[in-house]
Every structure is written in structure tokens, then in C-alpha cells.
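So this one's coords.tsv, TSV, N, CA and C atoms:
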```tsv
chain	number	residue	atom	x	y	z
A	39	MET	N	-23.44	-45.84	39.35
A	39	MET	CA	-23.69	-45.23	40.65
A	39	MET	C	-24.43	-46.24	41.51
A	40	SER	N	-24.15	-46.23	42.79
A	40	SER	CA	-24.79	-47.16	43.71
A	40	SER	C	-26.20	-46.69	44.06
A	41	ALA	N	-26.98	-47.61	44.64
A	41	ALA	CA	-28.36	-47.29	45.03
A	41	ALA	C	-28.38	-46.24	46.13
A	42	THR	N	-27.46	-46.31	47.08
A	42	THR	CA	-27.31	-45.29	48.12
A	42	THR	C	-25.85	-44.88	48.18
A	43	VAL	N	-25.60	-43.77	48.82
A	43	VAL	CA	-24.24	-43.28	48.95
A	43	VAL	C	-23.40	-44.18	49.85
A	44	TRP	N	-24.04	-45.08	50.58
A	44	TRP	CA	-23.34	-45.97	51.53
A	44	TRP	C	-22.96	-47.31	50.92
A	45	GLU	N	-23.26	-47.53	49.65
A	45	GLU	CA	-22.94	-48.80	49.00
A	45	GLU	C	-21.89	-48.60	47.91
A	46	TYR	N	-21.05	-49.62	47.71
A	46	TYR	CA	-20.08	-49.56	46.63
A	46	TYR	C	-20.81	-49.63	45.29
A	47	PRO	N	-20.43	-48.80	44.34
A	47	PRO	CA	-20.98	-48.94	42.99
A	47	PRO	C	-20.59	-50.32	42.44
A	48	GLU	N	-21.50	-50.93	41.70
A	48	GLU	CA	-21.25	-52.29	41.17
A	48	GLU	C	-20.00	-52.36	40.32
A	49	ASN	N	-19.71	-51.33	39.56
A	49	ASN	CA	-18.58	-51.37	38.63
A	49	ASN	C	-17.29	-50.78	39.22
A	50	ALA	N	-17.25	-50.54	40.55
A	50	ALA	CA	-16.06	-49.94	41.17
A	50	ALA	C	-14.91	-50.92	41.32
A	51	GLY	N	-15.21	-52.22	41.29
A	51	GLY	CA	-14.15	-53.21	41.42
A	51	GLY	C	-13.87	-53.64	42.85
A	52	TYR	N	-14.80	-53.36	43.76
A	52	TYR	CA	-14.60	-53.75	45.16
A	52	TYR	C	-15.09	-55.17	45.38
A	53	THR	N	-14.29	-55.96	46.10
A	53	THR	CA	-14.66	-57.31	46.50
A	53	THR	C	-14.89	-57.30	48.01
A	54	ALA	N	-16.06	-57.75	48.44
A	54	ALA	CA	-16.40	-57.76	49.86
A	54	ALA	C	-15.30	-58.43	50.68
A	55	GLY	N	-14.99	-57.80	51.80
A	55	GLY	CA	-13.97	-58.34	52.69
A	55	GLY	C	-12.56	-57.83	52.42
A	56	THR	N	-12.37	-57.12	51.32
A	56	THR	CA	-11.06	-56.57	51.00
A	56	THR	C	-10.79	-55.34	51.86
A	57	SER	N	-9.66	-55.29	52.53
A	57	SER	CA	-9.31	-54.13	53.33
A	57	SER	C	-8.74	-53.05	52.43
A	58	LEU	N	-9.22	-51.83	52.59
A	58	LEU	CA	-8.74	-50.70	51.81
A	58	LEU	C	-7.83	-49.78	52.63
A	59	ALA	N	-7.56	-50.15	53.87
A	59	ALA	CA	-6.67	-49.35	54.73
A	59	ALA	C	-5.31	-49.24	54.05
A	60	GLY	N	-4.78	-48.04	54.02
A	60	GLY	CA	-3.48	-47.79	53.40
A	60	GLY	C	-3.56	-47.37	51.94
A	61	PHE	N	-4.72	-47.53	51.30
A	61	PHE	CA	-4.86	-47.12	49.91
A	61	PHE	C	-4.82	-45.59	49.82
A	62	LYS	N	-4.25	-45.07	48.74
A	62	LYS	CA	-4.27	-43.64	48.46
A	62	LYS	C	-5.60	-43.29	47.80
A	63	VAL	N	-6.10	-42.08	48.08
A	63	VAL	CA	-7.38	-41.64	47.53
A	63	VAL	C	-7.13	-40.48	46.57
A	64	GLU	N	-7.66	-40.63	45.35
A	64	GLU	CA	-7.48	-39.64	44.29
A	64	GLU	C	-8.83	-39.04	43.90
A	65	ALA	N	-8.94	-37.72	44.04
A	65	ALA	CA	-10.13	-37.00	43.57
A	65	ALA	C	-9.99	-36.78	42.06
A	66	THR	N	-10.99	-36.17	41.46
A	66	THR	CA	-10.93	-35.92	40.02
A	66	THR	C	-9.84	-34.92	39.66
A	67	ASP	N	-9.37	-34.15	40.66
A	67	ASP	CA	-8.36	-33.12	40.39
A	67	ASP	C	-7.11	-33.23	41.26
A	68	GLY	N	-6.85	-34.41	41.79
A	68	GLY	CA	-5.62	-34.59	42.55
A	68	GLY	C	-5.78	-35.45	43.78
A	69	SER	N	-4.68	-35.64	44.48
A	69	SER	CA	-4.65	-36.51	45.64
A	69	SER	C	-5.42	-35.91	46.82
A	70	VAL	N	-6.13	-36.78	47.54
A	70	VAL	CA	-6.88	-36.38	48.73
A	70	VAL	C	-6.17	-36.82	49.99
A	71	GLY	N	-5.61	-38.01	49.99
A	71	GLY	CA	-4.94	-38.52	51.18
A	71	GLY	C	-4.88	-40.03	51.17
A	72	LYS	N	-4.89	-40.60	52.36
A	72	LYS	CA	-4.71	-42.04	52.51
A	72	LYS	C	-5.77	-42.60	53.47
A	73	VAL	N	-6.27	-43.78	53.16
A	73	VAL	CA	-7.29	-44.42	53.99
A	73	VAL	C	-6.67	-44.89	55.30
A	74	GLU	N	-7.19	-44.41	56.40
A	74	GLU	CA	-6.76	-44.87	57.72
A	74	GLU	C	-7.57	-46.07	58.16
A	75	LYS	N	-8.88	-46.00	57.93
A	75	LYS	CA	-9.77	-47.09	58.34
A	75	LYS	C	-10.82	-47.30	57.27
A	76	HIS	N	-11.27	-48.53	57.18
A	76	HIS	CA	-12.28	-48.93	56.20
A	76	HIS	C	-13.34	-49.73	56.94
A	77	PHE	N	-14.60	-49.34	56.76
A	77	PHE	CA	-15.69	-50.00	57.49
A	77	PHE	C	-16.76	-50.51	56.54
A	78	GLU	N	-17.26	-51.69	56.85
A	78	GLU	CA	-18.48	-52.23	56.26
A	78	GLU	C	-19.30	-52.61	57.48
A	79	ASP	N	-20.30	-51.81	57.80
A	79	ASP	CA	-20.91	-51.88	59.11
A	79	ASP	C	-22.43	-51.87	59.01
A	80	THR	N	-23.08	-52.94	59.41
A	80	THR	CA	-24.53	-52.97	59.38
A	80	THR	C	-25.13	-52.20	60.54
A	81	GLU	N	-24.41	-52.05	61.65
A	81	GLU	CA	-24.93	-51.28	62.79
A	81	GLU	C	-25.14	-49.82	62.43
A	82	VAL	N	-24.27	-49.26	61.64
A	82	VAL	CA	-24.37	-47.85	61.28
A	82	VAL	C	-25.64	-47.58	60.50
A	83	ALA	N	-26.09	-48.55	59.72
A	83	ALA	CA	-27.25	-48.34	58.87
A	83	ALA	C	-28.52	-48.08	59.68
A	84	GLU	N	-28.62	-48.62	60.87
A	84	GLU	CA	-29.82	-48.42	61.66
A	84	GLU	C	-30.02	-46.94	61.95
A	85	GLY	N	-31.18	-46.43	61.56
A	85	GLY	CA	-31.51	-45.05	61.81
A	85	GLY	C	-30.87	-44.06	60.85
A	86	THR	N	-30.14	-44.53	59.86
A	86	THR	CA	-29.52	-43.66	58.89
A	86	THR	C	-30.39	-43.65	57.64
A	87	GLU	N	-30.96	-42.52	57.34
A	87	GLU	CA	-31.91	-42.39	56.24
A	87	GLU	C	-31.34	-42.97	54.94
A	88	GLY	N	-32.12	-43.81	54.29
A	88	GLY	CA	-31.73	-44.35	53.00
A	88	GLY	C	-30.85	-45.57	53.07
A	89	THR	N	-30.54	-46.08	54.27
A	89	THR	CA	-29.66	-47.23	54.35
A	89	THR	C	-30.25	-48.38	55.13
A	90	GLU	N	-31.50	-48.27	55.61
A	90	GLU	CA	-32.07	-49.35	56.40
A	90	GLU	C	-31.99	-50.68	55.63
A	91	GLY	N	-31.53	-51.69	56.32
A	91	GLY	CA	-31.46	-53.02	55.73
A	91	GLY	C	-30.27	-53.23	54.81
A	92	THR	N	-29.41	-52.24	54.69
A	92	THR	CA	-28.24	-52.40	53.84
A	92	THR	C	-26.99	-52.22	54.69
A	93	GLU	N	-25.88	-52.59	54.13
A	93	GLU	CA	-24.61	-52.41	54.81
A	93	GLU	C	-24.09	-51.01	54.49
A	94	ALA	N	-23.67	-50.30	55.50
A	94	ALA	CA	-23.10	-48.97	55.29
A	94	ALA	C	-21.59	-49.11	55.22
A	95	ALA	N	-21.02	-48.78	54.09
A	95	ALA	CA	-19.58	-48.89	53.90
A	95	ALA	C	-19.00	-47.49	53.72
A	96	TYR	N	-17.86	-47.26	54.37
A	96	TYR	CA	-17.25	-45.95	54.29
A	96	TYR	C	-15.77	-46.02	54.65
A	97	LEU	N	-15.07	-44.93	54.34
A	97	LEU	CA	-13.64	-44.83	54.59
A	97	LEU	C	-13.37	-43.62	55.48
A	98	VAL	N	-12.41	-43.76	56.37
A	98	VAL	CA	-11.88	-42.61	57.12
A	98	VAL	C	-10.54	-42.30	56.47
A	99	VAL	N	-10.44	-41.09	55.91
A	99	VAL	CA	-9.27	-40.70	55.13
A	99	VAL	C	-8.51	-39.58	55.83
A	100	ASN	N	-7.20	-39.75	55.94
A	100	ASN	CA	-6.32	-38.73	56.48
A	100	ASN	C	-5.88	-37.84	55.33
A	101	THR	N	-6.24	-36.57	55.38
A	101	THR	CA	-5.93	-35.63	54.31
A	101	THR	C	-4.73	-34.76	54.66
A	102	SER	N	-3.85	-35.25	55.50
A	102	SER	CA	-2.73	-34.44	56.01
A	102	SER	C	-1.82	-33.88	54.93
A	103	THR	N	-1.85	-34.45	53.75
A	103	THR	CA	-0.96	-33.95	52.70
A	103	THR	C	-1.40	-32.58	52.20
A	104	TRP	N	-2.65	-32.18	52.44
A	104	TRP	CA	-3.10	-30.87	51.96
A	104	TRP	C	-4.09	-30.15	52.86
A	105	LEU	N	-4.61	-30.82	53.89
A	105	LEU	CA	-5.56	-30.17	54.81
A	105	LEU	C	-5.07	-30.19	56.25
A	106	PHE	N	-3.80	-30.15	56.47
A	106	PHE	CA	-3.21	-30.06	57.81
A	106	PHE	C	-3.71	-31.14	58.77
A	107	GLY	N	-3.74	-32.38	58.33
A	107	GLY	CA	-4.05	-33.49	59.21
A	107	GLY	C	-5.52	-33.74	59.46
A	108	LYS	N	-6.38	-33.16	58.69
A	108	LYS	CA	-7.81	-33.34	58.85
A	108	LYS	C	-8.21	-34.77	58.45
A	109	LEU	N	-9.10	-35.35	59.24
A	109	LEU	CA	-9.71	-36.62	58.85
A	109	LEU	C	-11.05	-36.32	58.20
A	110	CYS	N	-11.41	-37.13	57.22
A	110	CYS	CA	-12.74	-36.98	56.63
A	110	CYS	C	-13.34	-38.37	56.43
A	111	LEU	N	-14.65	-38.41	56.40
A	111	LEU	CA	-15.36	-39.66	56.19
A	111	LEU	C	-15.92	-39.65	54.77
A	112	LEU	N	-15.62	-40.68	54.01
A	112	LEU	CA	-16.12	-40.81	52.64
A	112	LEU	C	-16.99	-42.06	52.52
A	113	PRO	N	-18.26	-41.91	52.17
A	113	PRO	CA	-19.11	-43.08	51.93
A	113	PRO	C	-18.63	-43.85	50.69
A	114	ALA	N	-18.85	-45.13	50.67
A	114	ALA	CA	-18.39	-45.98	49.57
A	114	ALA	C	-18.96	-45.58	48.22
A	115	GLY	N	-20.13	-44.94	48.22
A	115	GLY	CA	-20.77	-44.55	46.97
A	115	GLY	C	-20.03	-43.49	46.18
A	116	VAL	N	-19.05	-42.82	46.79
A	116	VAL	CA	-18.28	-41.80	46.07
A	116	VAL	C	-17.16	-42.42	45.24
A	117	ILE	N	-16.92	-43.71	45.42
A	117	ILE	CA	-15.83	-44.38	44.71
A	117	ILE	C	-16.21	-44.62	43.26
A	118	ARG	N	-15.31	-44.22	42.37
A	118	ARG	CA	-15.48	-44.46	40.94
A	118	ARG	C	-14.87	-45.81	40.57
A	119	ARG	N	-13.63	-46.05	41.06
A	119	ARG	CA	-12.99	-47.34	40.80
A	119	ARG	C	-11.83	-47.55	41.75
A	120	LEU	N	-11.47	-48.81	41.91
A	120	LEU	CA	-10.34	-49.21	42.75
A	120	LEU	C	-9.25	-49.78	41.86
A	121	ASP	N	-8.02	-49.47	42.20
A	121	ASP	CA	-6.88	-50.08	41.55
A	121	ASP	C	-6.12	-50.81	42.65
A	122	THR	N	-6.39	-52.10	42.79
A	122	THR	CA	-5.78	-52.87	43.88
A	122	THR	C	-4.29	-53.09	43.66
A	123	ASP	N	-3.84	-53.11	42.41
A	123	ASP	CA	-2.41	-53.28	42.14
A	123	ASP	C	-1.61	-52.08	42.65
A	124	ASP	N	-2.09	-50.87	42.37
A	124	ASP	CA	-1.41	-49.64	42.80
A	124	ASP	C	-1.91	-49.14	44.15
A	125	GLN	N	-2.87	-49.82	44.72
A	125	GLN	CA	-3.51	-49.44	45.99
A	125	GLN	C	-3.99	-47.99	45.95
A	126	LYS	N	-4.84	-47.70	44.95
A	126	LYS	CA	-5.43	-46.38	44.80
A	126	LYS	C	-6.94	-46.50	44.66
A	127	ILE	N	-7.61	-45.51	45.22
A	127	ILE	CA	-9.07	-45.40	45.12
A	127	ILE	C	-9.35	-44.09	44.40
A	128	TYR	N	-10.10	-44.16	43.32
A	128	TYR	CA	-10.48	-42.97	42.57
A	128	TYR	C	-11.92	-42.63	42.91
A	129	ILE	N	-12.14	-41.35	43.31
A	129	ILE	CA	-13.48	-40.95	43.74
A	129	ILE	C	-14.08	-39.95	42.75
A	130	GLU	N	-15.41	-39.84	42.78
A	130	GLU	CA	-16.18	-38.96	41.89
A	130	GLU	C	-16.35	-37.56	42.46
A	131	LEU	N	-15.36	-37.06	43.15
A	131	LEU	CA	-15.44	-35.75	43.79
A	131	LEU	C	-14.17	-34.96	43.51
A	132	THR	N	-14.28	-33.64	43.65
A	132	THR	CA	-13.09	-32.79	43.58
A	132	THR	C	-12.52	-32.65	44.98
A	133	ARG	N	-11.31	-32.18	45.06
A	133	ARG	CA	-10.70	-31.91	46.36
A	133	ARG	C	-11.51	-30.86	47.12
A	134	GLU	N	-12.02	-29.87	46.42
A	134	GLU	CA	-12.83	-28.83	47.05
A	134	GLU	C	-14.10	-29.42	47.68
A	135	GLN	N	-14.72	-30.38	47.01
A	135	GLN	CA	-15.93	-31.01	47.57
A	135	GLN	C	-15.60	-31.81	48.83
A	136	VAL	N	-14.46	-32.47	48.85
A	136	VAL	CA	-14.03	-33.20	50.05
A	136	VAL	C	-13.74	-32.21	51.17
A	137	GLU	N	-13.02	-31.15	50.84
A	137	GLU	CA	-12.68	-30.14	51.84
A	137	GLU	C	-13.92	-29.47	52.42
A	138	GLY	N	-14.96	-29.30	51.60
A	138	GLY	CA	-16.18	-28.63	52.04
A	138	GLY	C	-17.15	-29.50	52.81
A	139	ALA	N	-16.83	-30.77	52.97
A	139	ALA	CA	-17.73	-31.69	53.69
A	139	ALA	C	-17.82	-31.30	55.17
A	140	PRO	N	-18.92	-31.65	55.81
A	140	PRO	CA	-19.03	-31.40	57.25
A	140	PRO	C	-17.83	-32.00	57.99
A	141	GLY	N	-17.34	-31.29	58.99
A	141	GLY	CA	-16.19	-31.74	59.76
A	141	GLY	C	-16.41	-33.12	60.37
A	142	PHE	N	-15.32	-33.83	60.56
A	142	PHE	CA	-15.39	-35.20	61.08
A	142	PHE	C	-14.50	-35.34	62.29
A	143	ASN	N	-15.08	-35.81	63.39
A	143	ASN	CA	-14.35	-36.13	64.61
A	143	ASN	C	-14.61	-37.60	64.89
A	144	GLU	N	-13.59	-38.43	64.76
A	144	GLU	CA	-13.77	-39.88	64.86
A	144	GLU	C	-14.44	-40.30	66.16
A	145	ASP	N	-14.02	-39.74	67.28
A	145	ASP	CA	-14.59	-40.12	68.57
A	145	ASP	C	-16.07	-39.75	68.69
A	146	LYS	N	-16.44	-38.65	68.09
A	146	LYS	CA	-17.81	-38.15	68.20
A	146	LYS	C	-18.74	-38.67	67.10
A	147	HIS	N	-18.25	-38.79	65.86
A	147	HIS	CA	-19.11	-39.01	64.71
A	147	HIS	C	-19.13	-40.42	64.13
A	148	LEU	N	-18.21	-41.28	64.51
A	148	LEU	CA	-18.05	-42.55	63.80
A	148	LEU	C	-19.33	-43.37	63.71
A	149	ARG	N	-20.08	-43.49	64.76
A	149	ARG	CA	-21.31	-44.28	64.72
A	149	ARG	C	-22.56	-43.45	65.06
A	150	ASP	N	-22.47	-42.16	64.78
A	150	ASP	CA	-23.55	-41.24	65.07
A	150	ASP	C	-24.49	-41.19	63.86
A	151	ALA	N	-25.71	-41.71	64.02
A	151	ALA	CA	-26.66	-41.79	62.92
A	151	ALA	C	-26.99	-40.42	62.34
A	152	GLU	N	-27.12	-39.40	63.17
A	152	GLU	CA	-27.43	-38.05	62.68
A	152	GLU	C	-26.28	-37.50	61.83
A	153	TYR	N	-25.05	-37.67	62.28
A	153	TYR	CA	-23.90	-37.23	61.48
A	153	TYR	C	-23.87	-37.97	60.15
A	154	LEU	N	-24.10	-39.27	60.18
A	154	LEU	CA	-24.07	-40.05	58.95
A	154	LEU	C	-25.18	-39.62	58.00
A	155	ARG	N	-26.33	-39.22	58.53
A	155	ARG	CA	-27.41	-38.71	57.69
A	155	ARG	C	-26.96	-37.42	57.01
A	156	ILE	N	-26.33	-36.53	57.77
A	156	ILE	CA	-25.86	-35.25	57.24
A	156	ILE	C	-24.77	-35.46	56.19
A	157	ILE	N	-23.79	-36.28	56.49
A	157	ILE	CA	-22.69	-36.52	55.55
A	157	ILE	C	-23.19	-37.24	54.30
A	158	GLY	N	-24.12	-38.17	54.49
A	158	GLY	CA	-24.71	-38.87	53.35
A	158	GLY	C	-25.44	-37.91	52.42
A	159	ALA	N	-26.21	-36.99	53.00
A	159	ALA	CA	-26.93	-36.00	52.19
A	159	ALA	C	-25.96	-35.08	51.45
A	160	TYR	N	-24.88	-34.69	52.12
A	160	TYR	CA	-23.89	-33.82	51.50
A	160	TYR	C	-23.29	-34.49	50.26
A	161	TYR	N	-22.80	-35.70	50.40
A	161	TYR	CA	-22.17	-36.37	49.26
A	161	TYR	C	-23.18	-36.79	48.21
A	162	ASP	N	-24.36	-37.18	48.62
A	162	ASP	CA	-25.40	-37.55	47.65
A	162	ASP	C	-25.73	-36.36	46.76
A	163	ARG	N	-25.81	-35.18	47.35
A	163	ARG	CA	-26.10	-33.96	46.60
A	163	ARG	C	-25.02	-33.72	45.53
A	164	HIS	N	-23.76	-33.97	45.87
A	164	HIS	CA	-22.67	-33.75	44.91
A	164	HIS	C	-22.61	-34.84	43.84
A	165	LEU	N	-23.00	-36.05	44.20
A	165	LEU	CA	-22.95	-37.14	43.23
A	165	LEU	C	-24.12	-37.12	42.25
A	166	ARG	N	-25.28	-36.78	42.74
A	166	ARG	CA	-26.49	-36.84	41.91
A	166	ARG	C	-26.87	-35.49	41.30
A	167	GLY	N	-26.17	-34.44	41.75
A	167	GLY	CA	-26.37	-33.10	41.18
A	167	GLY	C	-27.72	-32.61	41.45
```

Give the structure from the file, written as C-alpha cells.
Amino acid sequence: MSATVWEYPENAGYTAGTSLAGFKVEATDGSVGKVEKHFEDTEVAEGTEGTEGTEAAYLVVNTSTWLFGKLCLLPAGVIRRLDTDDQKIYIELTREQVEGAPGFNEDKHLRDAEYLRIIGAYYDRHLRG
């Protein structure tokens, strides 16, 4: 597990600078969707609780295959492992946990420190129990 929900776990297999756009995302109980955008952003960390001085990495995932086109934001810390050959990302969450996350509006929430604090707390609670 990573130090914060915004960092890749050391054993996930991520190499800095690798684009994850287009990768499929797999929850513990099935497919979640496909990565539309992948960010490693130091600006986002400013004012986001628990991430000061670190890079905030996250994915914007299109869940249209099962949530009618909903976009969701997944912090890098939810990643269990990457399979670069098959272009798949395996996460430590169920589909229900992804579906239950606070709603995401890219235009409104992408660099909003308060939203990132809320989403970080939501996923941290599910990862750390």
C-alpha cells in the first residue's frame, strides 16, 4: 500500500512517465471501464490533505460499460498492479465501491482541492478499512 492514496504503491509495477490512457480497469469483482486521462500532477497536491510535497497521481475512468457513461476519478493508491502487456489496471476496490464514490464532473472537480480531499478520504477509508 502506498503512503497516501495519491501515490502509486511501490509494488504496483508503475514506471514514472508511462501513460495509462486507454488501459482497461478491473475491480476485484469485474470490469470498471477504461482510462480516459492519466495525471501525475504536483499542482493538485497543494492544499490537498495528506499530499503536501508529493505528486498527486490519479486516473479519470469512463465507466460507460456499466454506469451509463459516468466518469470517475481514481487515485493511484487504489491500484493493486499494472499489466502493461494486456493494458490492464487491477484495483483494490469492488465495482460497488467505485460506483459509490462521490460524483465526478471533470470541468468542476479536476483541480479542486476540496473535491480531491473528499475523494481521497473516501478511497482511503475503503483501502485502509

When you look at region 126-132 of chain A with a cut-off of 6.5 Å (counting only N, CA and C atoms), what residues show up, excluding the ones that are within fewer than 3 positions of it in the same chain? I need them as an mmCIF file with N, CA and C atoms, keeping the file's coordinate frame.
```
data_model
loop_
_atom_site.group_PDB
_atom_site.id
_atom_site.type_symbol
_atom_site.label_atom_id
_atom_site.label_comp_id
_atom_site.auth_asym_id
_atom_site.auth_seq_id
_atom_site.Cartn_x
_atom_site.Cartn_y
_atom_site.Cartn_z
ATOM 1 N N PHE A 61 -4.720 -47.530 51.300
ATOM 2 C CA PHE A 61 -4.860 -47.120 49.910
ATOM 3 C C PHE A 61 -4.820 -45.590 49.820
ATOM 4 N N LYS A 62 -4.250 -45.070 48.740
ATOM 5 C CA LYS A 62 -4.270 -43.640 48.460
ATOM 6 C C LYS A 62 -5.600 -43.290 47.800
ATOM 7 N N VAL A 63 -6.100 -42.080 48.080
ATOM 8 C CA VAL A 63 -7.380 -41.640 47.530
ATOM 9 C C VAL A 63 -7.130 -40.480 46.570
ATOM 10 N N GLU A 64 -7.660 -40.630 45.350
ATOM 11 C CA GLU A 64 -7.480 -39.640 44.290
ATOM 12 C C GLU A 64 -8.830 -39.040 43.900
ATOM 13 N N ALA A 65 -8.940 -37.720 44.040
ATOM 14 C CA ALA A 65 -10.130 -37.000 43.570
ATOM 15 C C ALA A 65 -9.990 -36.780 42.060
ATOM 16 N N THR A 66 -10.990 -36.170 41.460
ATOM 17 C CA THR A 66 -10.930 -35.920 40.020
ATOM 18 C C THR A 66 -9.840 -34.920 39.660
ATOM 19 N N ASP A 67 -9.370 -34.150 40.660
ATOM 20 C CA ASP A 67 -8.360 -33.120 40.390
ATOM 21 C C ASP A 67 -7.110 -33.230 41.260
ATOM 22 N N VAL A 116 -19.050 -42.820 46.790
ATOM 23 C CA VAL A 116 -18.280 -41.800 46.070
ATOM 24 C C VAL A 116 -17.160 -42.420 45.240
ATOM 25 N N ILE A 117 -16.920 -43.710 45.420
ATOM 26 C CA ILE A 117 -15.830 -44.380 44.710
ATOM 27 C C ILE A 117 -16.210 -44.620 43.260
ATOM 28 N N ARG A 118 -15.310 -44.220 42.370
ATOM 29 C CA ARG A 118 -15.480 -44.460 40.940
ATOM 30 C C ARG A 118 -14.870 -45.810 40.570
ATOM 31 N N ARG A 119 -13.630 -46.050 41.060
ATOM 32 C CA ARG A 119 -12.990 -47.340 40.800
ATOM 33 C C ARG A 119 -11.830 -47.550 41.750
ATOM 34 N N LEU A 120 -11.470 -48.810 41.910
ATOM 35 C CA LEU A 120 -10.340 -49.210 42.750
ATOM 36 C C LEU A 120 -9.250 -49.780 41.860
ATOM 37 N N ASP A 121 -8.020 -49.470 42.200
ATOM 38 C CA ASP A 121 -6.880 -50.080 41.550
ATOM 39 C C ASP A 121 -6.120 -50.810 42.650
ATOM 40 N N THR A 122 -6.390 -52.100 42.790
ATOM 41 C CA THR A 122 -5.780 -52.870 43.880
ATOM 42 C C THR A 122 -4.290 -53.090 43.660
ATOM 43 N N ASP A 123 -3.840 -53.110 42.410
ATOM 44 C CA ASP A 123 -2.410 -53.280 42.140
ATOM 45 C C ASP A 123 -1.610 -52.080 42.650
ATOM 46 N N GLN A 135 -14.720 -30.380 47.010
ATOM 47 C CA GLN A 135 -15.930 -31.010 47.570
ATOM 48 C C GLN A 135 -15.600 -31.810 48.830
ATOM 49 N N VAL A 136 -14.460 -32.470 48.850
ATOM 50 C CA VAL A 136 -14.030 -33.200 50.050
ATOM 51 C C VAL A 136 -13.740 -32.210 51.170
ATOM 52 N N GLU A 137 -13.020 -31.150 50.840
ATOM 53 C CA GLU A 137 -12.680 -30.140 51.840
ATOM 54 C C GLU A 137 -13.920 -29.470 52.420
#
```

DSSP strand (DSSP E) selection over region 100-139 of chain A, as a ChimeraX atom specification: /A:100,109-113,117-121,126-129

Could the residues in this selection be saved with N, CA and C atoms as a compact mmCIF listing (two decimals), keeping the file's coordinate frame?
```
# COMPACT_ATOMS: atom_id res chain seq x y z
N ASN A 100 -7.20 -39.75 55.94
CA ASN A 100 -6.32 -38.73 56.48
C ASN A 100 -5.88 -37.84 55.33
N LEU A 109 -9.10 -35.35 59.24
CA LEU A 109 -9.71 -36.62 58.85
C LEU A 109 -11.05 -36.32 58.20
N CYS A 110 -11.41 -37.13 57.22
CA CYS A 110 -12.74 -36.98 56.63
C CYS A 110 -13.34 -38.37 56.43
N LEU A 111 -14.65 -38.41 56.40
CA LEU A 111 -15.36 -39.66 56.19
C LEU A 111 -15.92 -39.65 54.77
N LEU A 112 -15.62 -40.68 54.01
CA LEU A 112 -16.12 -40.81 52.64
C LEU A 112 -16.99 -42.06 52.52
N PRO A 113 -18.26 -41.91 52.17
CA PRO A 113 -19.11 -43.08 51.93
C PRO A 113 -18.63 -43.85 50.69
N ILE A 117 -16.92 -43.71 45.42
CA ILE A 117 -15.83 -44.38 44.71
C ILE A 117 -16.21 -44.62 43.26
N ARG A 118 -15.31 -44.22 42.37
CA ARG A 118 -15.48 -44.46 40.94
C ARG A 118 -14.87 -45.81 40.57
N ARG A 119 -13.63 -46.05 41.06
CA ARG A 119 -12.99 -47.34 40.80
C ARG A 119 -11.83 -47.55 41.75
N LEU A 120 -11.47 -48.81 41.91
CA LEU A 120 -10.34 -49.21 42.75
C LEU A 120 -9.25 -49.78 41.86
N ASP A 121 -8.02 -49.47 42.20
CA ASP A 121 -6.88 -50.08 41.55
C ASP A 121 -6.12 -50.81 42.65
N LYS A 126 -4.84 -47.70 44.95
CA LYS A 126 -5.43 -46.38 44.80
C LYS A 126 -6.94 -46.50 44.66
N ILE A 127 -7.61 -45.51 45.22
CA ILE A 127 -9.07 -45.40 45.12
C ILE A 127 -9.35 -44.09 44.40
N TYR A 128 -10.10 -44.16 43.32
CA TYR A 128 -10.48 -42.97 42.57
C TYR A 128 -11.92 -42.63 42.91
N ILE A 129 -12.14 -41.35 43.31
CA ILE A 129 -13.48 -40.95 43.74
C ILE A 129 -14.08 -39.95 42.75
```

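Here CA of Gly115 (chain A) stands at a distance of 9.3 Å from atom N of Leu97 (chain A).
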
Just list the residues in chain A DSSP gives alpha helix (DSSP H) on the backbone, as a list in words. Thr80, Glu81, Val82, Ala83, Arg133, Glu134, Gln135, Val136, Glu137, Glu144, Asp145, Lys146, His147, Ala151, Glu152, Tyr153, Leu154, Arg155, Ile156, Ile157, Gly158, Ala159, Tyr160, Tyr161, Asp162, Arg163, His164, Leu165 and Arg166 of chain A

Closest to Lys75 (chain A) among A:Leu154, A:Thr53, A:Cys110, A:Glu48, using only C-alpha atoms?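 Among the listed residues, A:Cys110 lies closest to Lys75 (chain A).
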
For Trp44 (chain A), which of A:Ala139, A:Val73, A:Ala159, A:Leu148 is the closest residue, counting only C-alpha atoms?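 Nearest candidate to Trp44 (chain A) out of A:Ala139, A:Val73, A:Ala159, A:Leu148: A:Ala159.
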
What's around Tyr160 (chain A) at 7 Å? Count all atoms listed in the file, leave out sequence neighbours fewer than 4 positions away in its own chain, and write the answer as a list in words.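 The residues that qualify are Ala139, Pro140, Arg155, Ile156, His164 and Leu165 of chain A.
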
Kindly give the distance, in Å, that separates CA of Ala59 (chain A) and CA of Asp150 (chain A), rounded to a single decimal. 21.4 Å

At a cut-off of 5 Å around the point (-4.8, -41.6, 56.6) (file coordinates), what residues fall inside when counting all atoms listed in the file? I'd like the answer as a list in words.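 Residues satisfying the cut-off, written out: Lys72, Val73, Glu74, Val99 and Asn100 of chain A.
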
May I ask which of the residues A:Phe142, A:Arg149, A:His76, A:Gly68 is the closest one to Ala95 (chain A), counting all atoms listed in the file?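 Checking each candidate against Ala95 (chain A), we get A:His76 as the closest.
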
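Here CA of Lys146 (chain A) stands at a distance of 16.0 Å from CA of Tyr96 (chain A).
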
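If you measure from each of A:Ala94, A:Gly71, A:Tyr46, A:Gly138 to Phe106 (chain A) using only C-alpha atoms, the closest one turns out to be A:Gly71.
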
Between A:Asp145, A:Ser102, A:Tyr161, A:Arg166, single out the one closest to Ala114 (chain A), counting only C-alpha atoms.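 Looking only at the distances to Ala114 (chain A), the closest residue turns out to be A:Tyr161.
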
Export N, CA and C atoms of region 60-65 of chain A from the structure just given, as a short mmCIF file (atom, residue, chain, number, x, y, z; two decimals), in the first residue's frame?
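The resulting file, selection.cif, is shown below:
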```
data_model
loop_
_atom_site.label_atom_id
_atom_site.label_comp_id
_atom_site.auth_asym_id
_atom_site.auth_seq_id
_atom_site.Cartn_x
_atom_site.Cartn_y
_atom_site.Cartn_z
N GLY A 60 -6.18 4.72 -22.00
CA GLY A 60 -6.58 3.59 -22.83
C GLY A 60 -6.55 2.26 -22.12
N PHE A 61 -5.92 2.18 -20.96
CA PHE A 61 -5.87 0.92 -20.21
C PHE A 61 -7.27 0.59 -19.68
N LYS A 62 -7.60 -0.69 -19.62
CA LYS A 62 -8.84 -1.15 -19.01
C LYS A 62 -8.62 -1.25 -17.50
N VAL A 63 -9.68 -0.97 -16.73
CA VAL A 63 -9.60 -1.01 -15.27
C VAL A 63 -10.46 -2.15 -14.76
N GLU A 64 -9.85 -3.01 -13.94
CA GLU A 64 -10.53 -4.18 -13.39
C GLU A 64 -10.60 -4.07 -11.87
N ALA A 65 -11.83 -4.10 -11.34
CA ALA A 65 -12.05 -4.14 -9.89
C ALA A 65 -11.87 -5.59 -9.43
#
```
